[in-house]
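*Asks:* One file is attached below, target-v7.txt, containing compact mmCIF, C-alpha atoms.
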```
# COMPACT_ATOMS: atom_id res chain seq x y z
CA MET K 19 0.00 0.00 0.00
CA VAL K 20 1.40 3.43 -0.96
CA SER K 21 0.31 6.74 0.52
CA ASP K 22 1.42 10.34 0.89
CA SER K 23 4.29 9.80 3.33
CA VAL K 24 4.98 13.51 3.78
CA THR K 25 1.46 14.14 5.08
CA LEU K 26 1.59 11.20 7.50
CA VAL K 27 5.09 11.86 8.82
CA ASP K 28 4.41 15.57 9.24
CA ALA K 29 1.26 14.78 11.26
CA LEU K 30 3.11 12.37 13.53
CA GLN K 31 6.00 14.74 14.10
CA GLY K 32 3.58 17.22 15.66
CA GLU K 33 3.55 15.30 18.94
CA ALA K 34 4.82 16.96 22.12
CA ILE K 35 5.72 15.62 25.55
CA GLN K 36 5.35 17.96 28.49
CA ASN K 37 6.54 17.41 32.08
CA THR K 38 4.44 19.18 34.69
CA GLU K 39 3.89 19.01 38.43
CA ARG K 40 1.10 16.52 37.72
CA GLY K 41 3.45 14.15 35.91
CA VAL K 42 4.00 13.25 32.30
CA GLN K 43 1.31 14.38 29.87
CA PHE K 44 0.88 13.68 26.18
CA ARG K 45 -0.09 16.64 24.07
CA ALA K 46 -0.95 16.22 20.42
CA PRO K 47 -2.49 18.38 17.73
CA PRO K 48 -6.03 17.51 16.59
CA SER K 49 -4.64 15.83 13.45
CA LEU K 50 -2.70 13.31 15.55
CA CYS K 51 -5.61 12.66 17.88
CA ASN K 52 -7.80 11.95 14.86
CA LEU K 53 -5.10 9.63 13.54
CA LEU K 54 -4.87 7.60 16.76
CA ASP K 55 -8.65 7.36 16.98
CA ARG K 56 -8.57 5.29 13.80
CA VAL K 57 -6.25 2.56 15.14
CA ASN K 58 -6.48 -0.22 17.68
CA TRP K 59 -3.75 0.47 20.23
CA GLU K 60 -3.04 -3.24 20.66
CA ASP K 61 -2.05 -3.25 16.98
CA LEU K 62 0.65 -0.72 17.86
CA HIS K 63 2.05 -3.28 20.31
CA VAL K 64 2.30 -5.76 17.42
CA LEU K 65 3.99 -3.08 15.32
CA ARG K 66 6.66 -2.59 17.99
CA ASN K 67 7.33 -6.33 18.18
CA VAL K 68 7.67 -6.71 14.41
CA ALA K 69 10.00 -3.73 14.26
CA ASP K 70 12.18 -5.15 17.07
CA ALA K 71 12.26 -8.68 15.66
CA VAL K 72 12.57 -7.60 11.98
CA SER K 73 10.54 -10.73 11.26
CA LEU K 74 6.86 -11.56 11.27
CA ARG K 75 7.56 -15.12 12.38
CA ARG K 76 9.81 -14.15 15.30
CA ALA K 77 7.33 -11.46 16.37
CA ALA K 78 4.54 -14.06 16.35
CA LEU K 79 6.63 -16.35 18.57
CA ASN K 80 7.42 -13.51 20.97
CA LEU K 81 3.74 -12.55 21.18
CA GLY K 82 2.51 -16.13 21.44
CA VAL K 83 0.15 -15.78 18.48
CA SER K 84 0.06 -17.14 14.93
CA ILE K 85 1.93 -15.45 12.09
CA ASN K 86 -1.40 -14.90 10.35
CA THR K 87 -2.61 -12.92 13.37
CA VAL K 88 0.47 -10.70 13.16
CA ARG K 89 -0.07 -10.19 9.42
CA ALA K 90 -3.73 -9.31 10.04
CA ARG K 91 -2.84 -6.80 12.77
CA ILE K 92 -0.27 -5.03 10.59
CA ALA K 93 -2.66 -5.04 7.63
CA ARG K 94 -5.37 -3.49 9.80
CA LEU K 95 -2.98 -0.74 10.88
CA GLU K 96 -1.95 -0.05 7.29
CA THR K 97 -5.59 0.13 6.23
CA ALA K 98 -6.52 2.46 9.10
CA LEU K 99 -3.57 4.76 8.38
CA ASN K 100 -3.67 4.37 4.58
CA THR K 101 0.04 3.69 4.44
CA THR K 102 2.71 0.99 4.19
CA LEU K 103 4.50 0.21 7.46
CA PHE K 104 6.83 -2.57 6.33
CA ALA K 105 8.41 -3.50 3.00
CA ARG K 106 10.35 -6.56 1.86
CA ASP K 107 13.32 -6.69 -0.51
CA HIS K 108 16.26 -9.04 -1.17
CA HIS K 109 17.68 -8.11 2.28
CA GLY K 110 14.48 -9.14 4.04
CA LEU K 111 11.82 -7.22 6.00
CA HIS K 112 12.42 -3.59 6.90
CA ILE K 113 10.30 -0.78 8.32
CA THR K 114 9.37 2.14 6.05
CA ALA K 115 9.80 5.82 6.88
CA GLU K 116 6.11 6.05 7.63
CA GLY K 117 6.39 2.93 9.77
CA ARG K 118 9.17 4.57 11.79
CA ALA K 119 6.96 7.63 12.32
CA VAL K 120 4.09 5.48 13.61
CA LEU K 121 6.54 3.45 15.72
CA SER K 122 7.79 6.66 17.32
CA VAL K 123 4.26 7.50 18.48
CA ALA K 124 3.69 3.89 19.63
CA ASN K 125 6.86 4.02 21.75
CA GLU K 126 5.83 7.36 23.25
CA ILE K 127 2.43 5.93 24.14
CA ARG K 128 4.06 2.97 25.89
CA SER K 129 6.50 5.16 27.82
CA ILE K 130 3.73 7.53 28.87
CA SER K 131 1.39 4.77 30.05
CA SER K 132 4.19 2.97 31.92
CA GLY K 133 5.12 6.24 33.63
CA LEU K 134 1.69 6.75 35.13
CA PRO K 135 1.23 6.23 38.89
CA SER K 136 0.74 2.56 39.79
CA ASP K 137 -2.79 3.17 41.03
CA GLN K 138 -3.77 4.81 37.74
CA GLY K 139 -2.49 2.27 35.23
CA ASN K 140 -2.91 3.17 31.58
CA ASN K 141 -5.95 4.37 29.69
CA ILE K 142 -5.57 2.41 26.45
CA LEU K 143 -8.98 2.11 24.81
CA VAL K 144 -10.31 1.29 21.35
CA LYS K 145 -11.24 4.95 21.01
CA HIS K 146 -9.16 7.47 22.92
CA GLY K 147 -11.03 8.97 25.89
CA GLU K 148 -14.09 6.73 25.45
CA ILE K 149 -14.83 3.27 26.82
CA ARG K 150 -17.08 1.37 24.42
CA ILE K 151 -19.23 -1.42 25.86
CA CYS K 152 -21.53 -3.58 23.76
CA ALA K 153 -24.25 -5.73 25.32
CA SER K 154 -27.12 -7.86 24.12
CA GLU K 155 -30.15 -5.63 23.68
CA GLY K 156 -32.30 -6.78 26.61
CA VAL K 157 -29.43 -6.90 29.12
CA GLY K 158 -28.14 -3.53 27.97
CA THR K 159 -31.53 -1.84 28.12
CA PHE K 160 -33.03 -3.25 31.30
CA TRP K 161 -30.13 -4.27 33.51
CA LEU K 162 -27.05 -2.22 32.62
CA THR K 163 -28.48 1.17 31.65
CA PRO K 164 -29.94 1.90 35.14
CA ARG K 165 -26.49 1.04 36.60
CA LEU K 166 -24.44 3.36 34.40
CA PRO K 167 -24.12 5.99 37.18
CA GLU K 168 -22.16 3.41 39.22
CA LEU K 169 -19.71 2.91 36.35
CA LYS K 170 -19.41 6.64 35.76
CA LEU K 171 -18.22 7.11 39.34
CA SER K 172 -15.33 4.74 38.58
CA VAL K 173 -14.31 6.48 35.34
CA PRO K 174 -15.29 10.13 35.85
CA ASP K 175 -12.99 11.47 33.13
CA ILE K 176 -13.88 8.88 30.48
CA LEU K 177 -16.86 9.00 28.11
CA VAL K 178 -18.98 5.90 28.70
CA SER K 179 -20.61 4.53 25.55
CA LEU K 180 -23.08 1.63 25.88
CA HIS K 181 -24.28 -0.01 22.66
CA SER K 182 -26.98 -2.68 22.53
CA PHE K 183 -27.54 -5.16 19.73
CA VAL K 184 -30.17 -7.84 19.27
CA ASP K 185 -27.92 -9.58 16.76
CA GLN K 186 -24.60 -10.32 18.46
CA LYS K 187 -23.09 -11.22 15.08
CA GLN K 188 -22.95 -7.49 14.38
CA ILE K 189 -20.24 -7.12 17.02
CA LYS K 190 -16.81 -6.98 15.39
CA PRO K 191 -13.57 -7.55 17.35
CA GLY K 192 -11.76 -4.28 17.85
CA ASP K 193 -14.89 -2.11 17.71
CA TYR K 194 -15.55 -2.32 21.45
CA ASP K 195 -13.44 -2.47 24.61
CA ILE K 196 -15.84 -4.94 26.26
CA ALA K 197 -18.66 -7.08 24.87
CA ILE K 198 -21.39 -8.95 26.75
CA GLY K 199 -23.53 -11.43 24.85
CA PHE K 200 -24.99 -14.91 24.57
CA GLU K 201 -22.64 -15.98 21.77
CA ARG K 202 -19.21 -17.03 23.00
CA PRO K 203 -16.52 -15.25 20.93
CA ASP K 204 -13.92 -17.49 19.30
CA ASP K 205 -11.35 -14.82 18.39
CA PRO K 206 -7.96 -16.05 19.77
CA GLU K 207 -7.03 -12.46 20.60
CA THR K 208 -10.03 -12.14 22.91
CA ILE K 209 -10.18 -13.00 26.61
CA VAL K 210 -13.53 -14.67 27.35
CA SER K 211 -15.14 -15.63 30.64
CA LYS K 212 -18.62 -16.58 31.75
CA LEU K 213 -20.35 -13.65 33.41
CA ALA K 214 -23.75 -15.04 34.40
CA THR K 215 -26.58 -17.41 33.54
CA LEU K 216 -29.95 -16.02 32.51
CA HIS K 217 -33.09 -18.09 33.09
CA PHE K 218 -36.22 -17.55 31.03
CA MET K 219 -39.84 -18.51 31.72
CA PRO K 220 -43.34 -17.33 30.66
CA PHE K 221 -44.70 -14.11 32.17
CA ALA K 222 -48.02 -12.28 31.96
CA SER K 223 -49.49 -9.20 33.58
CA GLU K 224 -52.12 -9.23 36.32
CA GLN K 225 -54.49 -7.51 33.91
CA TYR K 226 -54.03 -10.27 31.33
CA ILE K 227 -54.51 -13.06 33.92
CA ARG K 228 -57.75 -11.47 35.13
CA GLU K 229 -59.08 -11.29 31.58
CA PHE K 230 -57.90 -14.59 30.11
CA GLY K 231 -57.14 -16.74 33.14
CA MET K 232 -53.99 -18.49 34.36
CA PRO K 233 -52.81 -21.38 32.14
CA GLU K 234 -51.85 -24.37 34.30
CA ASN K 235 -50.26 -26.62 31.67
CA LEU K 236 -49.17 -26.60 28.04
CA ASP K 237 -52.59 -27.69 26.78
CA ASP K 238 -54.12 -24.69 28.55
CA MET K 239 -51.93 -22.41 26.42
CA LEU K 240 -54.19 -22.91 23.39
CA GLY K 241 -56.48 -19.94 23.10
CA HIS K 242 -54.07 -17.56 24.84
CA GLN K 243 -52.34 -14.59 23.23
CA CYS K 244 -48.59 -15.27 22.99
CA ILE K 245 -45.92 -12.76 22.03
CA GLN K 246 -42.69 -13.71 20.29
CA GLN K 247 -39.57 -11.63 19.86
CA ASP K 248 -38.57 -12.04 16.23
CA ALA K 249 -35.25 -10.44 15.30
CA PRO K 250 -31.94 -11.30 13.56
CA GLY K 251 -29.63 -13.39 15.71
CA LEU K 252 -32.33 -14.95 17.88
CA ASN K 253 -32.69 -18.71 17.87
CA TYR K 254 -36.00 -20.27 18.85
CA ASP K 255 -34.91 -23.89 18.47
CA ALA K 256 -35.22 -24.28 22.25
CA MET K 257 -38.98 -23.75 22.00
CA ARG K 258 -39.26 -26.91 19.90
CA PHE K 259 -38.69 -28.90 23.08
CA PHE K 260 -42.01 -27.55 24.35
CA PHE K 261 -44.16 -26.95 21.27
CA THR K 262 -44.42 -28.35 17.77
CA THR K 263 -44.03 -25.99 14.82
CA GLU K 264 -47.76 -26.20 14.15
CA MET K 265 -48.59 -25.40 17.78
CA MET K 266 -46.20 -22.43 17.71
CA LYS K 267 -48.12 -21.07 14.72
CA ARG K 268 -51.38 -21.37 16.64
CA LEU K 269 -49.99 -19.83 19.85
CA VAL K 270 -48.09 -16.82 18.55
CA SER K 271 -50.45 -13.99 17.68
CA ILE K 272 -48.02 -11.08 18.03
CA LYS K 273 -44.38 -10.62 17.03
CA VAL K 274 -42.11 -7.79 18.15
CA SER K 275 -38.54 -6.96 17.19
CA SER K 276 -36.93 -6.01 20.50
CA SER K 277 -36.71 -7.03 24.15
CA TYR K 278 -37.97 -3.56 25.04
CA SER K 279 -41.17 -4.08 23.01
CA LEU K 280 -41.61 -7.60 24.39
CA PHE K 281 -41.40 -6.46 28.01
CA TRP K 282 -43.76 -3.54 27.39
CA ALA K 283 -46.30 -5.77 25.63
CA VAL K 284 -46.31 -8.30 28.48
CA ALA K 285 -46.40 -5.65 31.23
CA SER K 286 -49.25 -3.84 29.47
CA GLY K 287 -51.45 -6.93 29.30
CA VAL K 288 -51.14 -7.66 25.58
CA GLY K 289 -50.21 -11.33 26.05
CA ILE K 290 -47.84 -13.97 27.42
CA GLY K 291 -44.12 -13.75 26.67
CA ALA K 292 -40.89 -15.49 27.70
CA LEU K 293 -38.83 -13.07 29.81
CA PRO K 294 -35.68 -13.48 31.90
CA THR K 295 -36.55 -14.20 35.52
CA TYR K 296 -34.95 -10.93 36.61
CA ALA K 297 -37.93 -9.20 34.93
CA ARG K 298 -39.74 -9.79 38.23
CA ALA K 299 -36.91 -8.00 40.05
CA ILE K 300 -37.32 -4.84 37.97
CA SER K 301 -41.12 -4.87 37.66
CA LYS K 302 -44.06 -6.03 39.77
CA LYS K 303 -46.28 -5.66 36.70
CA VAL K 304 -45.19 -9.01 35.27
CA HIS K 305 -46.02 -12.34 36.95
CA PRO K 306 -44.28 -15.68 36.32
CA LEU K 307 -46.43 -18.53 35.03
CA ASP K 308 -45.67 -21.95 36.52
CA LEU K 309 -45.59 -23.81 33.24
CA PRO K 310 -43.02 -26.49 32.32
CA ILE K 311 -41.22 -23.99 30.10
CA ARG K 312 -37.82 -22.95 31.35
CA MET K 313 -34.73 -22.06 29.38
CA LYS K 314 -31.30 -20.85 30.40
CA PHE K 315 -28.46 -19.22 28.49
CA ASP K 316 -24.92 -18.35 29.54
CA LEU K 317 -23.85 -14.74 29.28
CA TRP K 318 -20.23 -14.15 28.18
CA LEU K 319 -17.86 -11.30 28.95
CA SER K 320 -15.07 -10.66 26.43
CA TYR K 321 -12.34 -8.08 25.85
CA GLY K 322 -9.06 -7.80 23.94
CA ARG K 323 -5.83 -9.11 25.43
CA GLY K 324 -4.27 -5.68 25.07
CA SER K 325 -6.90 -4.21 27.40
CA ARG K 326 -5.86 -6.22 30.46
CA SER K 327 -3.73 -3.35 31.80
CA SER K 328 -6.17 -0.58 30.87
CA ALA K 329 -7.50 1.12 34.00
CA PRO K 330 -10.90 2.11 32.49
CA VAL K 331 -11.42 -1.42 31.15
CA ARG K 332 -10.54 -2.94 34.51
CA ALA K 333 -13.00 -0.57 36.21
CA ALA K 334 -15.74 -1.50 33.75
CA ILE K 335 -15.09 -5.23 34.19
CA ASN K 336 -15.31 -4.86 37.98
CA TRP K 337 -18.58 -2.96 37.52
CA LEU K 338 -19.98 -5.68 35.28
CA ARG K 339 -19.00 -8.48 37.64
CA ALA K 340 -20.65 -6.62 40.52
CA SER K 341 -23.77 -6.02 38.39
CA PHE K 342 -24.11 -9.75 37.74
CA ASP K 343 -22.95 -10.99 41.14
CA ALA K 344 -25.03 -14.12 41.78
CA ASN K 345 -24.60 -13.76 45.55
CA ARG K 346 -26.40 -10.44 45.45
CA TYR K 347 -28.61 -11.21 42.45
CA PRO K 348 -29.38 -14.97 42.65
CA TRP K 349 -31.39 -14.90 39.40
CA PHE K 350 -27.99 -14.84 37.61
CA SER K 351 -26.74 -18.05 39.23
CA GLU K 352 -26.36 -21.36 37.43
CA LYS K 353 -29.18 -22.81 39.52
CA PHE K 354 -32.74 -21.70 38.77
CA VAL K 355 -34.28 -19.48 41.45
CA HIS K 356 -38.04 -18.99 41.15
CA PRO K 357 -39.11 -15.33 40.99
CA ASP K 358 -41.52 -15.91 43.90
CA GLU K 359 -38.42 -16.26 46.10
CA PHE K 360 -37.30 -12.74 45.22
CA ASP K 361 -39.83 -11.39 47.74
CA ASP K 362 -38.76 -13.77 50.50
CA PRO K 363 -37.78 -11.53 53.46
CA THR K 364 -35.39 -14.23 54.73
CA ARG K 365 -33.24 -13.84 51.61
CA ASP K 366 -30.93 -10.86 51.22
CA ILE K 367 -32.03 -9.94 47.71
CA HIS K 368 -31.76 -6.45 46.28
CA VAL K 369 -34.99 -5.83 44.31
CA VAL K 370 -35.83 -2.47 42.75
CA PRO K 371 -38.99 -2.33 40.54
CA MET K 372 -37.46 0.52 38.54
CA PHE K 373 -39.72 0.31 35.47
CA ASP K 374 -43.17 0.15 37.05
CA HIS K 375 -43.81 3.89 37.06
CA LEU K 376 -43.09 3.95 33.32
CA VAL K 377 -45.58 1.14 32.73
CA ASP K 378 -48.18 3.03 34.77
CA ASP K 379 -47.63 6.11 32.62
CA GLN K 380 -48.27 4.09 29.47
CA THR K 381 -51.31 2.11 30.60
```
Turn this file's structure into structure tokens for me.
*Replies:*
Amino acid sequence: MVSDSVTLVDALQGEAIQNTERGVQFRAPPSLCNLLDRVNWEDLHVLRNVADAVSLRRAALNLGVSINTVRARIARLETALNTTLFARDHHGLHITAEGRAVLSVANEIRSISSGLPSDQGNNILVKHGEIRICASEGVGTFWLTPRLPELKLSVPDILVSLHSFVDQKQIKPGDYDIAIGFERPDDPETIVSKLATLHFMPFASEQYIREFGMPENLDDMLGHQCIQQDAPGLNYDAMRFFFTTEMMKRLVSIKVSSSYSLFWAVASGVGIGALPTYARAISKKVHPLDLPIRMKFDLWLSYGRGSRSSAPVRAAINWLRASFDANRYPWFSEKFVHPDEFDDPTRDIHVVPMFDHLVDDQT
């Protein structure tokens, strides 16, 4: 790839390092900040290793990754910066002038972050000054959004950006600092751990039960109004264990595209819908139905290996683990806990029906 090397090198040479009473600070013109916003900082770590080793293969061995991963990281940097960082001739691999300019900034970033106080760590993020978190749509909307003030207290100087997707396949590695979803990532450059287990069961509103009655078994479901969330990335194969395809066609009378719409439809008395058991913890407007329909799905936390030492990422991970702590919120444990137990005064359960006033305003 060939680009205007004068423009790139001139932009990179505009960096400035300033020592003050508050420690080492990095000052850069807007052009450089815009440049760094386009790259993944972990890719700069790969760049440094390739430059030191003067070999893609040796760099891969040093990093403990495949040579194809190293090639992909360098290619992504070159694409983001619209330049060529390394060239090969009869002498072997060598770094270009533009590569040296980028390497200079990468080295400054490393020296600055390592010079920060030990309790501050470094602030490496996918996008400078902003921590980007992506969550499955229902979890992001109903469970994490009300808890954002707690995270903001931990990262007061960082912009917090929460994105929610129904279709987890839309999440691309490198676009977010942290991702939370039901699909376990298989990217070798990603650290993955189980965050929680979500249990699902049928719910209906008190208004709906008064009007249509309480179904006591699967046969009783015929004649009831059932709501299905129908969106890209959702898999309803689990329902086949309970209903035939023909029965599903007879039961489902309403389809919605989001968890938000599903919850609102159930809480407003439109019909019966499968909700996570924690729905009872956030709303007294929905009531669990004791039918032999229970499903559970593991929720996965993932982040890039290069983010392990990032202070904002560590703070966000701690916040997420606290938000899904099964000791405090037993509905996230591996074992099923019936929603009726949430109101048991003998159990130390933190229940806040935070959405009920909104339902009242709409009904």
*Asks:* Calculate how many Å separate CA of Ser328 in chain K from CA of Ser211 in chain K, rounding to one decimal.
*Replies:*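 Distance reported for this atom pair: 17.5 Å.
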*Asks:* In Å, how far is it from CA of Phe230 in chain K to CA of Arg298 in chain K?
*Replies:*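 A separation of 20.5 Å between them.
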*Asks:* Return the padded bounding box of range 93-105 of chain K as JSON: axis-aligned, built from all atoms listed in the file, 4 Å added on each side, with centre and edge lengths in Å to one decimal.
*Replies:*
```
{"center_x": 0.9, "center_y": -0.1, "center_z": 6.9, "size_x": 22.9, "size_y": 17.8, "size_z": 15.9}
```
*Asks:* Would you mind listing what lies within 7 Å of range 347-361 of chain K as a ChimeraX atom specification, with all atoms listed in the file counted and same-chain residues fewer than 5 positions away left out?
*Replies:* /K:214-217,295-296,298,306,342,367-368
*Asks:* So the first atom is CA of Cys152 in chain K and the second is CA of Phe218 in chain K; what is the distance between them in Å, to one decimal place?
*Replies:* 21.5 Å
*Asks:* At a cut-off of 9 Å, using all atoms listed in the file, what residues contact range 169-177 of chain K? Leave out same-chain residues fewer than 4 positions from it and give the result as number ranges by chain.
*Replies:* K: 147-150, 165, 329-330, 333-334, 337-338
*Asks:* Please determine, counting all atoms listed in the file, which residue among K:Val123, K:Ala153, K:Ala249, K:Ile300 has the shortest atom-to-atom distance to Ser279 in chain K.
*Replies:* K:Ala249
*Asks:* Rank nothing, just name the residue among K:Val288, K:Met219, K:Asn86, K:Val72 nearest to Met313 in chain K, using only C-alpha atoms.
*Replies:* K:Met219
*Asks:* Out of K:Leu103, K:Val120, K:Gly322, K:Gly287, which residue has the shortest atom-to-atom distance to Lys190 in chain K when counting only C-alpha atoms?
*Replies:*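 For Lys190 in chain K, the nearest of the given residues is K:Gly322.
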*Asks:* Check the smallest atom-to-atom distance from each of K:Ser325, K:Thr114, K:Ser84, K:Ser271 to Gln246 in chain K using all atoms listed in the file, then report the winner.
*Replies:*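 When distances to Gln246 in chain K are compared using all atoms listed in the file, the smallest one comes from K:Ser271.
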*Asks:* Kindly indicate which residue among K:Val304, K:Leu317, K:Ile335, K:Ala93 lies nearest to Lys212 in chain K, using only C-alpha atoms for the distances.
*Replies:*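 For Lys212 in chain K, the nearest of the given residues is K:Leu317.
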*Asks:* Name the residues, using the chain letters and numbers of the file, that sit within 12 Å of (-1.3, -15.7, 16.8) when counting only C-alpha atoms, and give them as a PDB file with C-alpha atoms, keeping the file's coordinate frame.
*Replies:*
```
ATOM      1  CA  VAL K  64       2.300  -5.760  17.420  1.00  0.00           C
ATOM      2  CA  LEU K  74       6.860 -11.560  11.270  1.00  0.00           C
ATOM      3  CA  ARG K  75       7.560 -15.120  12.380  1.00  0.00           C
ATOM      4  CA  ARG K  76       9.810 -14.150  15.300  1.00  0.00           C
ATOM      5  CA  ALA K  77       7.330 -11.460  16.370  1.00  0.00           C
ATOM      6  CA  ALA K  78       4.540 -14.060  16.350  1.00  0.00           C
ATOM      7  CA  LEU K  79       6.630 -16.350  18.570  1.00  0.00           C
ATOM      8  CA  ASN K  80       7.420 -13.510  20.970  1.00  0.00           C
ATOM      9  CA  LEU K  81       3.740 -12.550  21.180  1.00  0.00           C
ATOM     10  CA  GLY K  82       2.510 -16.130  21.440  1.00  0.00           C
ATOM     11  CA  VAL K  83       0.150 -15.780  18.480  1.00  0.00           C
ATOM     12  CA  SER K  84       0.060 -17.140  14.930  1.00  0.00           C
ATOM     13  CA  ILE K  85       1.930 -15.450  12.090  1.00  0.00           C
ATOM     14  CA  ASN K  86      -1.400 -14.900  10.350  1.00  0.00           C
ATOM     15  CA  THR K  87      -2.610 -12.920  13.370  1.00  0.00           C
ATOM     16  CA  VAL K  88       0.470 -10.700  13.160  1.00  0.00           C
ATOM     17  CA  ARG K  89      -0.070 -10.190   9.420  1.00  0.00           C
ATOM     18  CA  ALA K  90      -3.730  -9.310  10.040  1.00  0.00           C
ATOM     19  CA  ARG K  91      -2.840  -6.800  12.770  1.00  0.00           C
ATOM     20  CA  ASP K 205     -11.350 -14.820  18.390  1.00  0.00           C
ATOM     21  CA  PRO K 206      -7.960 -16.050  19.770  1.00  0.00           C
ATOM     22  CA  GLU K 207      -7.030 -12.460  20.600  1.00  0.00           C
ATOM     23  CA  THR K 208     -10.030 -12.140  22.910  1.00  0.00           C
ATOM     24  CA  ARG K 323      -5.830  -9.110  25.430  1.00  0.00           C
TER      25      ARG K 323
END
```
*Asks:* Neighbouring residues of Tyr226 in chain K were defined as those with any atom within 9 Å, considering all atoms listed in the file; residues of the same chain fewer than 2 positions away were excluded. Please report them as a PyMOL selection string.
*Replies:* chain K and resi 222-224+228-232+284-290
*Asks:* For Val184 in chain K, find every residue with an atom within 10 Å (counting only C-alpha atoms), except residues of its own chain fewer than 6 positions away, and show them as a PyMOL selection string.
*Replies:* chain K and resi 153-158+199+248-252+275-277
